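Working notes, structure below.
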Amino acid sequence: MSVPDPVAQQSILASPLPTKATLKHRRNLFYQVIRLAAINIKMFRVIATGRHL
Amino acid sequence: MARLVILGAGVAGHTAALHARRMLGSSDEVLVVSPNSNWNWIPSNIWVGVGKMPVEKVIFPLAPVYRKKKIGFHQALALSIHPEGGEKHQRGYVVAKSTQPGSEDREEEIEYDFLINATGPKLNFAATEGLGPDSNSLSVCTAAHATETAKQLQAAIARLQAGENLRFIVGVGHGTCTCEGAAFEYTFNLDFALREAGVRDKAEVVYLTNEAQLGDFGVGGLVFTQQGYQTTSKIWTESFFRERDIHAVLGAHCTKVEPGMVHYEQLDGTTHDLSFDFAMLLPPFRGADLKAYDREGQDISDKIFNPAGFLKVDANYQAGAYENWRAADWPKTYQSPLYDNLFAAGIAFAPPHQISQPRTSPNGTVITPAPPRTGMPSGMIAKAVVETIVDRVKGNGKPAHEAPMTRIGAACVASAGMSFLGGSAASMTMNPIVPDWEAFPTTGRDLKGTSGEIGLAGHWMKHLLHVLFLYKAKAHPLWWVIPE
């Protein structure tokens, strides 16, 4: 299939493709509950360290 | 007794109004002037635009909240600022035209002791011929736009189900647009909706952007660590595009949108036409159409606002070429250099320059994302401005509070599909928002505060933010505990 921007497409196709295991991890409920906590911690750290003066 | 007038009731204006009411004394007055009767949690417009969320879930009427909190509310469009007062006014005042049904076009003059311009953007669809929901493309910038876009999407899905092959273009409609993150979100939510409908194989999805490379997001891209390596938001985003089979057109400036056809120029100067069956293209932003006059009635708009209509604040607007840009160029207090009781918050302040490296095509067309300053920074800036004003009202002589985008961080959760068990989102943090190459010479940002990950947890986070920010905006008990 022709694509509208072949240069952009070439770069996209050169990027890493996630494995089935990675895709599974991204939807695994147990693992994602842990990641939710981790994301919250990261966000609170950004809020805390970047607090205005 | 002091009167604080706030123009606009979006994230910045509404945040400012609630904090000001909480921090100021009962004898002080807080007045909001906004042409809109509803508050809109704009980040969730993406879900409205793919038909996943009813519009009622992203808006609520402002008047009852302001009544409850004893905040004055004028449903009106601000037309002009008179910071030096006038013949009939000793204090500065604002002229506003009512937008309330029944009293449309009635003009009023509202005096102030302190003024916060938080008008947000004017959606400048006129910058590109044929752009916008009144012409040939769709938008999710307002709740009404998103509702119409969802209807058009359902019609397109019906055509796909009938066996047609269609091309969907999602992106930005001008070379100087901002909010690439919103376009990114809509692209992936569209992809998700098409997969759910079982018609993804019939659709080509194209992301058309002014970014020179994917993952720029108007902040010059990110570097973060992942599994023991430093990686870039470019590789990370490209990988996501590859996984979902989404095509991209990079470094593009739309020159015209016709029914079923978009014309654009790319950074290499070449021009192209691309047909479409569905196009959601975000507009560039301008400042609100506000004028400013001195005491004698002379137009001083060009002294107070930049050419795009954004309020000039304590930034360095003379930085010049990209090589000379410094973190110190960015404003800290958001106070007008001409009037110390005039401030801007959110999109309304004039940034000193872009964050992404500026680029121009050989034809002289500027194709560079404008700096994003929505969401979290909007709220943080608004709160800092209010704290400065509260200090001055109380006369405690403290220096102005600061919230420079070179010191504050931001969290951005970009939805990539709305489903409690099958959805996903890209969760990003960056600290600071504007890279500071002197403080962080290697990557421009603190690697400990800069991150990116994709997964279902991101969707839960995005939904949690939706619930929390609506709770906060409705000023329910302990609303102020929720951070900006």
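Please note that chains go A, B, ... in the order of the structure tokens, that every chain numbers its residues from 1, and that ligands are numbered from 1 in the order shown.
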
Write out as JSON, numbers by chain the set of residues from segment 151-384 of chain B that DSSP, computed on the backbone, places in strand (DSSP E or B).
{"B": [166, 167, 168, 169, 170, 171, 172, 203, 204, 205, 206, 207, 208, 223, 224, 225, 226, 229, 230, 231, 232, 247, 248, 249, 252, 253, 254, 255, 256, 257, 258, 261, 262, 263, 264, 265, 266, 271, 272, 273, 274, 275, 278, 279, 280, 281, 282, 285, 286, 291, 292, 293, 299, 305, 311, 335, 342, 343, 344, 349, 360, 366]}

Tell me as a count of residues only which residues belonging to chain A come within 8 Å of chain B, counting only C-alpha atoms.
31

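Excluding Lys70 of chain B itself and same-chain residues fewer than 6 positions from it, the residues having an atom within 12 Å of it are B:Ala17, B:Leu18, B:Ala20, B:Arg21, B:Arg22, B:Leu24, B:Gly25, B:Ser26, B:Ser27, B:Asp28, B:Glu29, B:Val30, B:Leu31, B:Val32, B:Ala63, B:Pro64, B:Ala475, counting only C-alpha atoms.
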
Please provide as a count of residues only all residues within 6 Å of Glu185 of chain B, with the sequence filter that same-chain residues fewer than 3 positions apart are discarded (counting only C-alpha atoms).
5

Spatial neighbours of Ile169 of chain B, 7 Å, only C-alpha atoms, chain gap at least 2 places, as a list of chain:residue names:
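Listed by chain and then number, they are B:Arg167, B:Gly171, B:Val205, B:Val206, B:Tyr207, B:Leu208, B:Phe276, B:Phe278, B:Ala279, B:Met280.
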
Could you save those same residues with N, CA and C atoms as a PDB file, in the first residue's frame?
ATOM      1  N   ARG B 167     -10.498   6.516   4.343  1.00  0.00           N
ATOM      2  CA  ARG B 167      -9.280   7.104   4.945  1.00  0.00           C
ATOM      3  C   ARG B 167      -9.693   8.133   5.996  1.00  0.00           C
ATOM      4  N   GLY B 171      -5.310  15.115  13.071  1.00  0.00           N
ATOM      5  CA  GLY B 171      -4.084  15.860  13.342  1.00  0.00           C
ATOM      6  C   GLY B 171      -4.335  17.324  13.548  1.00  0.00           C
ATOM      7  N   VAL B 205      -5.716   4.934   8.782  1.00  0.00           N
ATOM      8  CA  VAL B 205      -5.682   6.050   9.738  1.00  0.00           C
ATOM      9  C   VAL B 205      -4.363   6.791   9.553  1.00  0.00           C
ATOM     10  N   VAL B 206      -4.476   8.101   9.297  1.00  0.00           N
ATOM     11  CA  VAL B 206      -3.294   8.933   9.047  1.00  0.00           C
ATOM     12  C   VAL B 206      -3.243  10.042  10.092  1.00  0.00           C
ATOM     13  N   TYR B 207      -2.104  10.163  10.751  1.00  0.00           N
ATOM     14  CA  TYR B 207      -1.872  11.241  11.715  1.00  0.00           C
ATOM     15  C   TYR B 207      -1.090  12.325  10.998  1.00  0.00           C
ATOM     16  N   LEU B 208      -1.706  13.479  10.833  1.00  0.00           N
ATOM     17  CA  LEU B 208      -1.074  14.578  10.082  1.00  0.00           C
ATOM     18  C   LEU B 208      -0.662  15.650  11.085  1.00  0.00           C
ATOM     19  N   PHE B 276      -9.668  12.392   1.881  1.00  0.00           N
ATOM     20  CA  PHE B 276     -10.127  11.782   3.134  1.00  0.00           C
ATOM     21  C   PHE B 276     -11.635  11.562   3.098  1.00  0.00           C
ATOM     22  N   PHE B 278     -12.943  11.228   6.389  1.00  0.00           N
ATOM     23  CA  PHE B 278     -13.228  11.740   7.731  1.00  0.00           C
ATOM     24  C   PHE B 278     -11.959  12.475   8.154  1.00  0.00           C
ATOM     25  N   ALA B 279     -12.104  13.730   8.576  1.00  0.00           N
ATOM     26  CA  ALA B 279     -10.910  14.485   9.005  1.00  0.00           C
ATOM     27  C   ALA B 279     -11.207  15.250  10.284  1.00  0.00           C
ATOM     28  N   MET B 280     -10.440  14.957  11.324  1.00  0.00           N
ATOM     29  CA  MET B 280     -10.525  15.713  12.578  1.00  0.00           C
ATOM     30  C   MET B 280      -9.201  16.465  12.703  1.00  0.00           C
TER      31      MET B 280
END

Polymer residues at most 12 Å from Val385 of chain B, only C-alpha atoms, same-chain spacing of 3 or more positions, as a CSV table (one decimal) with all heavy atoms, in the first residue's frame:
chain,number,residue,atom,x,y,z
A,52,HIS,N,5.4,25.2,42.7
A,52,HIS,CA,5.8,26.6,42.6
A,52,HIS,C,6.1,27.2,43.9
A,52,HIS,O,5.8,26.7,45.0
A,52,HIS,CB,4.6,27.4,41.9
A,52,HIS,CG,3.4,27.6,42.7
A,52,HIS,ND1,2.3,26.8,42.6
A,52,HIS,CD2,3.1,28.5,43.6
A,52,HIS,CE1,1.4,27.2,43.4
A,52,HIS,NE2,1.9,28.2,44.0
A,53,LEU,N,6.8,28.4,43.8
A,53,LEU,CA,7.4,29.0,45.0
A,53,LEU,C,6.5,30.2,45.4
A,53,LEU,O,5.9,30.8,44.6
A,53,LEU,CB,8.8,29.5,44.7
A,53,LEU,CG,9.7,28.5,44.2
A,53,LEU,CD1,11.0,29.1,43.7
A,53,LEU,CD2,10.0,27.5,45.2
B,4,LEU,N,-11.3,41.2,42.7
B,4,LEU,CA,-10.5,40.5,41.7
B,4,LEU,C,-11.5,40.1,40.6
B,4,LEU,O,-12.5,39.4,40.9
B,4,LEU,CB,-9.9,39.2,42.4
B,4,LEU,CG,-9.3,38.2,41.4
B,4,LEU,CD1,-8.2,38.7,40.6
B,4,LEU,CD2,-8.8,36.9,42.2
B,6,ILE,N,-11.8,37.9,37.1
B,6,ILE,CA,-11.1,36.9,36.3
B,6,ILE,C,-11.8,36.7,35.0
B,6,ILE,O,-13.0,36.5,34.9
B,6,ILE,CB,-11.1,35.6,37.1
B,6,ILE,CG1,-10.3,35.7,38.4
B,6,ILE,CG2,-10.5,34.4,36.2
B,6,ILE,CD1,-10.7,34.6,39.4
B,12,ALA,N,-7.7,27.4,33.9
B,12,ALA,CA,-7.0,28.5,34.6
B,12,ALA,C,-7.9,29.4,35.3
B,12,ALA,O,-7.7,29.7,36.5
B,12,ALA,CB,-6.1,29.3,33.6
B,13,GLY,N,-8.9,29.9,34.6
B,13,GLY,CA,-9.8,30.9,35.2
B,13,GLY,C,-10.6,30.3,36.4
B,13,GLY,O,-10.8,30.9,37.5
B,15,THR,N,-9.9,27.6,38.2
B,15,THR,CA,-9.0,27.3,39.3
B,15,THR,C,-8.7,28.6,40.1
B,15,THR,O,-8.7,28.6,41.3
B,15,THR,CB,-7.7,26.7,38.8
B,15,THR,OG1,-8.0,25.5,38.0
B,15,THR,CG2,-6.7,26.3,39.9
B,16,ALA,N,-8.4,29.6,39.4
B,16,ALA,CA,-8.1,30.9,40.0
B,16,ALA,C,-9.2,31.4,40.9
B,16,ALA,O,-9.1,31.8,42.0
B,16,ALA,CB,-7.7,32.0,39.0
B,17,ALA,N,-10.5,31.3,40.3
B,17,ALA,CA,-11.6,31.8,41.0
B,17,ALA,C,-11.9,31.0,42.4
B,17,ALA,O,-12.1,31.6,43.4
B,17,ALA,CB,-12.9,31.6,40.1
B,19,HIS,N,-9.7,29.2,44.1
B,19,HIS,CA,-8.6,29.4,45.1
B,19,HIS,C,-8.7,30.8,45.7
B,19,HIS,O,-8.5,31.0,46.9
B,19,HIS,CB,-7.2,29.2,44.5
B,19,HIS,CG,-6.8,27.7,44.4
B,19,HIS,ND1,-6.7,27.0,45.5
B,19,HIS,CD2,-6.5,26.9,43.4
B,19,HIS,CE1,-6.3,25.7,45.2
B,19,HIS,NE2,-6.2,25.7,43.9
B,20,ALA,N,-9.0,31.8,44.8
B,20,ALA,CA,-9.1,33.2,45.3
B,20,ALA,C,-10.2,33.3,46.4
B,20,ALA,O,-10.1,33.9,47.4
B,20,ALA,CB,-9.4,34.1,44.1
B,114,PHE,N,-7.7,44.0,40.9
B,114,PHE,CA,-6.7,43.0,40.2
B,114,PHE,C,-7.5,42.3,39.1
B,114,PHE,O,-8.7,42.0,39.3
B,114,PHE,CB,-6.2,42.0,41.3
B,114,PHE,CG,-5.4,42.6,42.4
B,114,PHE,CD1,-6.0,43.0,43.6
B,114,PHE,CD2,-4.1,42.8,42.2
B,114,PHE,CE1,-5.3,43.6,44.6
B,114,PHE,CE2,-3.3,43.3,43.3
B,114,PHE,CZ,-3.9,43.8,44.4
B,115,LEU,N,-6.7,42.1,38.0
B,115,LEU,CA,-7.4,41.4,36.9
B,115,LEU,C,-6.5,40.2,36.4
B,115,LEU,O,-5.3,40.4,36.3
B,115,LEU,CB,-7.5,42.4,35.7
B,115,LEU,CG,-8.2,41.8,34.4
B,115,LEU,CD1,-9.7,41.5,34.7
B,115,LEU,CD2,-8.1,42.8,33.3
B,116,ILE,N,-7.1,39.0,36.3
B,116,ILE,CA,-6.4,37.9,35.7
B,116,ILE,C,-7.1,37.6,34.3
B,116,ILE,O,-8.3,37.3,34.2
B,116,ILE,CB,-6.6,36.6,36.6
B,116,ILE,CG1,-6.0,36.9,38.0
B,116,ILE,CG2,-5.9,35.4,36.0
B,116,ILE,CD1,-6.2,35.7,39.0
B,117,ASN,N,-6.2,37.7,33.3
B,117,ASN,CA,-6.7,37.3,32.0
B,117,ASN,C,-6.5,35.8,31.8
B,117,ASN,O,-5.3,35.3,31.7
B,117,ASN,CB,-5.9,38.1,30.9
B,117,ASN,CG,-6.3,37.7,29.5
B,117,ASN,OD1,-7.3,37.1,29.3
B,117,ASN,ND2,-5.5,38.1,28.5
B,118,ALA,N,-7.6,35.0,31.9
B,118,ALA,CA,-7.5,33.6,31.7
B,118,ALA,C,-8.5,33.2,30.6
B,118,ALA,O,-9.2,32.2,30.8
B,118,ALA,CB,-7.8,32.9,33.0
B,313,VAL,N,3.8,39.1,29.5
B,313,VAL,CA,4.0,39.1,31.0
B,313,VAL,C,5.5,39.2,31.2
B,313,VAL,O,6.2,39.8,30.4
B,313,VAL,CB,3.4,37.8,31.6
B,313,VAL,CG1,1.9,37.8,31.6
B,313,VAL,CG2,4.0,36.5,30.8
B,331,PRO,N,8.4,33.2,31.7
B,331,PRO,CA,7.9,34.0,32.8
B,331,PRO,C,7.8,33.2,34.1
B,331,PRO,O,7.7,32.0,34.1
B,331,PRO,CB,6.5,34.4,32.3
B,331,PRO,CG,6.1,33.3,31.3
B,331,PRO,CD,7.4,32.9,30.6
B,332,LYS,N,7.9,34.0,35.1
B,332,LYS,CA,7.8,33.4,36.5
B,332,LYS,C,6.6,33.8,37.2
B,332,LYS,O,5.9,33.0,37.9
B,332,LYS,CB,9.1,33.8,37.3
B,332,LYS,CG,10.4,33.3,36.7
B,332,LYS,CD,11.6,33.8,37.5
B,332,LYS,CE,12.9,33.3,36.9
B,332,LYS,NZ,13.2,33.9,35.6
B,333,THR,N,6.2,35.1,37.2
B,333,THR,CA,5.1,35.6,38.0
B,333,THR,C,3.8,35.8,37.2
B,333,THR,O,2.8,36.0,37.7
B,333,THR,CB,5.5,36.9,38.7
B,333,THR,OG1,5.7,37.9,37.6
B,333,THR,CG2,6.8,36.8,39.5
B,334,TYR,N,4.0,35.9,35.8
B,334,TYR,CA,2.8,36.1,34.9
B,334,TYR,C,2.1,37.5,35.1
B,334,TYR,O,1.0,37.6,34.9
B,334,TYR,CB,1.8,34.9,35.0
B,334,TYR,CG,2.6,33.6,34.7
B,334,TYR,CD1,3.2,32.9,35.8
B,334,TYR,CD2,2.7,33.2,33.4
B,334,TYR,CE1,3.9,31.8,35.5
B,334,TYR,CE2,3.5,32.0,33.2
B,334,TYR,CZ,4.0,31.3,34.2
B,334,TYR,OH,4.8,30.2,33.9
B,335,GLN,N,3.0,38.4,35.6
B,335,GLN,CA,2.5,39.8,35.8
B,335,GLN,C,2.8,40.6,34.6
B,335,GLN,O,3.9,40.5,34.0
B,335,GLN,CB,3.1,40.3,37.1
B,335,GLN,CG,2.7,41.7,37.4
B,335,GLN,CD,3.4,42.2,38.7
B,335,GLN,OE1,3.3,41.5,39.7
B,335,GLN,NE2,4.1,43.3,38.7
B,336,SER,N,1.9,41.5,34.2
B,336,SER,CA,2.2,42.4,33.1
B,336,SER,C,3.3,43.3,33.5
B,336,SER,O,3.3,43.8,34.6
B,336,SER,CB,0.9,43.2,32.8
B,336,SER,OG,1.2,44.3,32.0
B,340,ASP,N,1.0,46.4,37.4
B,340,ASP,CA,1.3,45.4,38.3
B,340,ASP,C,0.0,44.7,38.9
B,340,ASP,O,0.2,43.8,39.8
B,340,ASP,CB,2.2,45.9,39.4
B,340,ASP,CG,1.5,47.0,40.2
B,340,ASP,OD1,0.4,47.3,40.0
B,340,ASP,OD2,2.2,47.6,41.1
B,341,ASN,N,-1.2,45.1,38.5
B,341,ASN,CA,-2.4,44.5,39.0
B,341,ASN,C,-3.0,43.6,37.9
B,341,ASN,O,-4.2,43.2,37.9
B,341,ASN,CB,-3.4,45.4,39.6
B,341,ASN,CG,-3.8,46.5,38.6
B,341,ASN,OD1,-3.2,46.6,37.5
B,341,ASN,ND2,-4.9,47.2,38.9
B,342,LEU,N,-2.2,43.4,36.8
B,342,LEU,CA,-2.8,42.7,35.6
B,342,LEU,C,-1.9,41.4,35.4
B,342,LEU,O,-0.7,41.5,35.3
B,342,LEU,CB,-2.7,43.6,34.4
B,342,LEU,CG,-3.1,43.0,33.0
B,342,LEU,CD1,-4.5,42.4,33.1
B,342,LEU,CD2,-3.0,44.0,31.9
B,343,PHE,N,-2.6,40.3,35.4
B,343,PHE,CA,-1.9,39.0,35.2
B,343,PHE,C,-2.5,38.2,34.1
B,343,PHE,O,-3.6,38.4,33.7
B,343,PHE,CB,-2.0,38.2,36.5
B,343,PHE,CG,-1.3,38.9,37.7
B,343,PHE,CD1,-2.0,39.9,38.4
B,343,PHE,CD2,-0.1,38.5,38.2
B,343,PHE,CE1,-1.4,40.5,39.5
B,343,PHE,CE2,0.5,39.1,39.3
B,343,PHE,CZ,-0.2,40.1,40.0
B,344,ALA,N,-1.8,37.2,33.7
B,344,ALA,CA,-2.3,36.2,32.7
B,344,ALA,C,-2.1,34.8,33.3
B,344,ALA,O,-1.1,34.6,34.0
B,344,ALA,CB,-1.7,36.3,31.4
B,345,ALA,N,-3.0,33.9,33.0
B,345,ALA,CA,-2.8,32.5,33.4
B,345,ALA,C,-3.3,31.6,32.3
B,345,ALA,O,-4.2,31.9,31.6
B,345,ALA,CB,-3.6,32.2,34.7
B,346,GLY,N,-2.6,30.4,32.2
B,346,GLY,CA,-3.0,29.4,31.2
B,346,GLY,C,-2.6,29.9,29.8
B,346,GLY,O,-1.6,30.6,29.6
B,349,PHE,N,-1.3,33.7,28.5
B,349,PHE,CA,-0.1,34.4,28.6
B,349,PHE,C,0.8,34.2,27.3
B,349,PHE,O,0.7,33.1,26.7
B,349,PHE,CB,0.7,34.0,29.8
B,349,PHE,CG,1.6,32.8,29.7
B,349,PHE,CD1,2.9,32.9,29.1
B,349,PHE,CD2,1.2,31.6,30.2
B,349,PHE,CE1,3.7,31.8,29.1
B,349,PHE,CE2,2.0,30.5,30.1
B,349,PHE,CZ,3.2,30.6,29.5
B,378,SER,N,-1.5,25.2,33.5
B,378,SER,CA,-2.6,26.2,33.6
B,378,SER,C,-3.0,26.4,35.0
B,378,SER,O,-3.1,27.5,35.5
B,378,SER,CB,-3.8,25.8,32.7
B,378,SER,OG,-3.6,26.3,31.4
B,379,GLY,N,-3.4,25.3,35.6
B,379,GLY,CA,-3.8,25.3,37.0
B,379,GLY,C,-2.8,25.8,38.0
B,379,GLY,O,-3.1,26.6,38.9
B,380,MET,N,-1.5,25.3,37.8
B,380,MET,CA,-0.5,25.7,38.7
B,380,MET,C,-0.1,27.2,38.6
B,380,MET,O,0.1,27.9,39.6
B,380,MET,CB,0.8,24.9,38.4
B,380,MET,CG,0.6,23.4,38.8
B,380,MET,SD,2.0,22.4,38.4
B,380,MET,CE,3.0,22.6,39.9
B,381,ILE,N,-0.2,27.7,37.3
B,381,ILE,CA,0.1,29.1,37.1
B,381,ILE,C,-1.0,29.9,37.7
B,381,ILE,O,-0.8,30.9,38.4
B,381,ILE,CB,0.2,29.4,35.6
B,381,ILE,CG1,1.5,28.8,35.0
B,381,ILE,CG2,0.2,30.9,35.3
B,381,ILE,CD1,1.6,28.7,33.5
B,382,ALA,N,-2.3,29.5,37.5
B,382,ALA,CA,-3.4,30.2,38.1
B,382,ALA,C,-3.3,30.3,39.6
B,382,ALA,O,-3.5,31.4,40.2
B,382,ALA,CB,-4.7,29.5,37.6
B,388,THR,N,-0.2,35.4,44.7
B,388,THR,CA,0.5,36.7,44.7
B,388,THR,C,-0.6,37.8,45.0
B,388,THR,O,-0.3,38.7,45.8
B,388,THR,CB,1.0,37.0,43.3
B,388,THR,OG1,2.0,36.0,43.0
B,388,THR,CG2,1.7,38.3,43.1
B,389,ILE,N,-1.7,37.7,44.4
B,389,ILE,CA,-2.8,38.7,44.6
B,389,ILE,C,-3.2,38.7,46.0
B,389,ILE,O,-3.4,39.8,46.6
B,389,ILE,CB,-3.9,38.4,43.6
B,389,ILE,CG1,-3.5,38.7,42.2
B,389,ILE,CG2,-5.2,39.3,43.9
B,389,ILE,CD1,-4.4,38.3,41.1
B,390,VAL,N,-3.4,37.5,46.6
B,390,VAL,CA,-3.9,37.4,48.0
B,390,VAL,C,-2.9,38.1,48.9
B,390,VAL,O,-3.2,38.9,49.8
B,390,VAL,CB,-4.1,35.9,48.4
B,390,VAL,CG1,-4.3,35.8,49.9
B,390,VAL,CG2,-5.3,35.4,47.6
B,391,ASP,N,-1.6,37.9,48.7
B,391,ASP,CA,-0.5,38.5,49.5
B,391,ASP,C,-0.6,40.0,49.4
B,391,ASP,O,-0.5,40.7,50.4
B,391,ASP,CB,0.9,38.1,49.0
B,391,ASP,CG,1.3,36.7,49.5
B,391,ASP,OD1,0.6,36.2,50.4
B,391,ASP,OD2,2.2,36.1,48.9
B,392,ARG,N,-0.9,40.5,48.2
B,392,ARG,CA,-1.0,42.0,48.0
B,392,ARG,C,-2.2,42.6,48.6
B,392,ARG,O,-2.2,43.6,49.2
B,392,ARG,CB,-0.9,42.3,46.5
B,392,ARG,CG,0.5,42.0,46.0
B,392,ARG,CD,0.7,42.5,44.6
B,392,ARG,NE,2.0,42.0,44.2
B,392,ARG,CZ,2.5,42.0,42.9
B,392,ARG,NH1,1.7,42.5,42.0
B,392,ARG,NH2,3.6,41.6,42.6
B,399,PRO,N,7.2,38.7,48.2
B,399,PRO,CA,7.5,38.8,46.7
B,399,PRO,C,6.4,38.0,46.0
B,399,PRO,O,5.8,37.1,46.6
B,399,PRO,CB,8.9,38.2,46.6
B,399,PRO,CG,9.1,37.4,47.8
B,399,PRO,CD,8.3,38.0,48.9
B,400,ALA,N,6.3,38.2,44.7
B,400,ALA,CA,5.3,37.5,43.9
B,400,ALA,C,5.7,36.0,43.9
B,400,ALA,O,6.8,35.6,43.9
B,400,ALA,CB,5.3,38.1,42.5
B,401,HIS,N,4.6,35.2,43.9
B,401,HIS,CA,4.8,33.8,43.7
B,401,HIS,C,5.2,33.4,42.3
B,401,HIS,O,4.9,34.1,41.4
B,401,HIS,CB,3.5,33.0,44.1
B,401,HIS,CG,3.2,33.1,45.6
B,401,HIS,ND1,3.4,32.0,46.4
B,401,HIS,CD2,2.8,34.1,46.3
B,401,HIS,CE1,3.1,32.4,47.7
B,401,HIS,NE2,2.7,33.7,47.6
B,402,GLU,N,6.0,32.3,42.2
B,402,GLU,CA,6.5,32.0,40.9
B,402,GLU,C,6.1,30.6,40.5
B,402,GLU,O,6.0,29.7,41.3
B,402,GLU,CB,8.0,32.1,40.9
B,402,GLU,CG,8.6,33.5,41.2
B,402,GLU,CD,10.1,33.5,41.1
B,402,GLU,OE1,10.7,32.5,41.0
B,402,GLU,OE2,10.6,34.6,41.2
B,403,ALA,N,5.8,30.4,39.2
B,403,ALA,CA,5.5,29.1,38.7
B,403,ALA,C,6.0,29.0,37.2
B,403,ALA,O,5.2,28.8,36.3
B,403,ALA,CB,4.0,28.8,38.7
B,404,PRO,N,7.3,29.1,37.1
B,404,PRO,CA,7.9,29.1,35.7
B,404,PRO,C,7.8,27.7,35.1
B,404,PRO,O,8.1,26.7,35.8
B,404,PRO,CB,9.3,29.5,35.9
B,404,PRO,CG,9.6,29.2,37.3
B,404,PRO,CD,8.4,29.3,38.1

Please, which residues of chain A, numbered as in this document, come out alpha helix (DSSP H) from DSSP, as a ChimeraX atom specification?
/A:6-13,20-25,29-49

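Reported to one decimal place, the separation of atom CA of Thr119 of chain B from atom CA of Arg106 of chain B is 19.6 Å.
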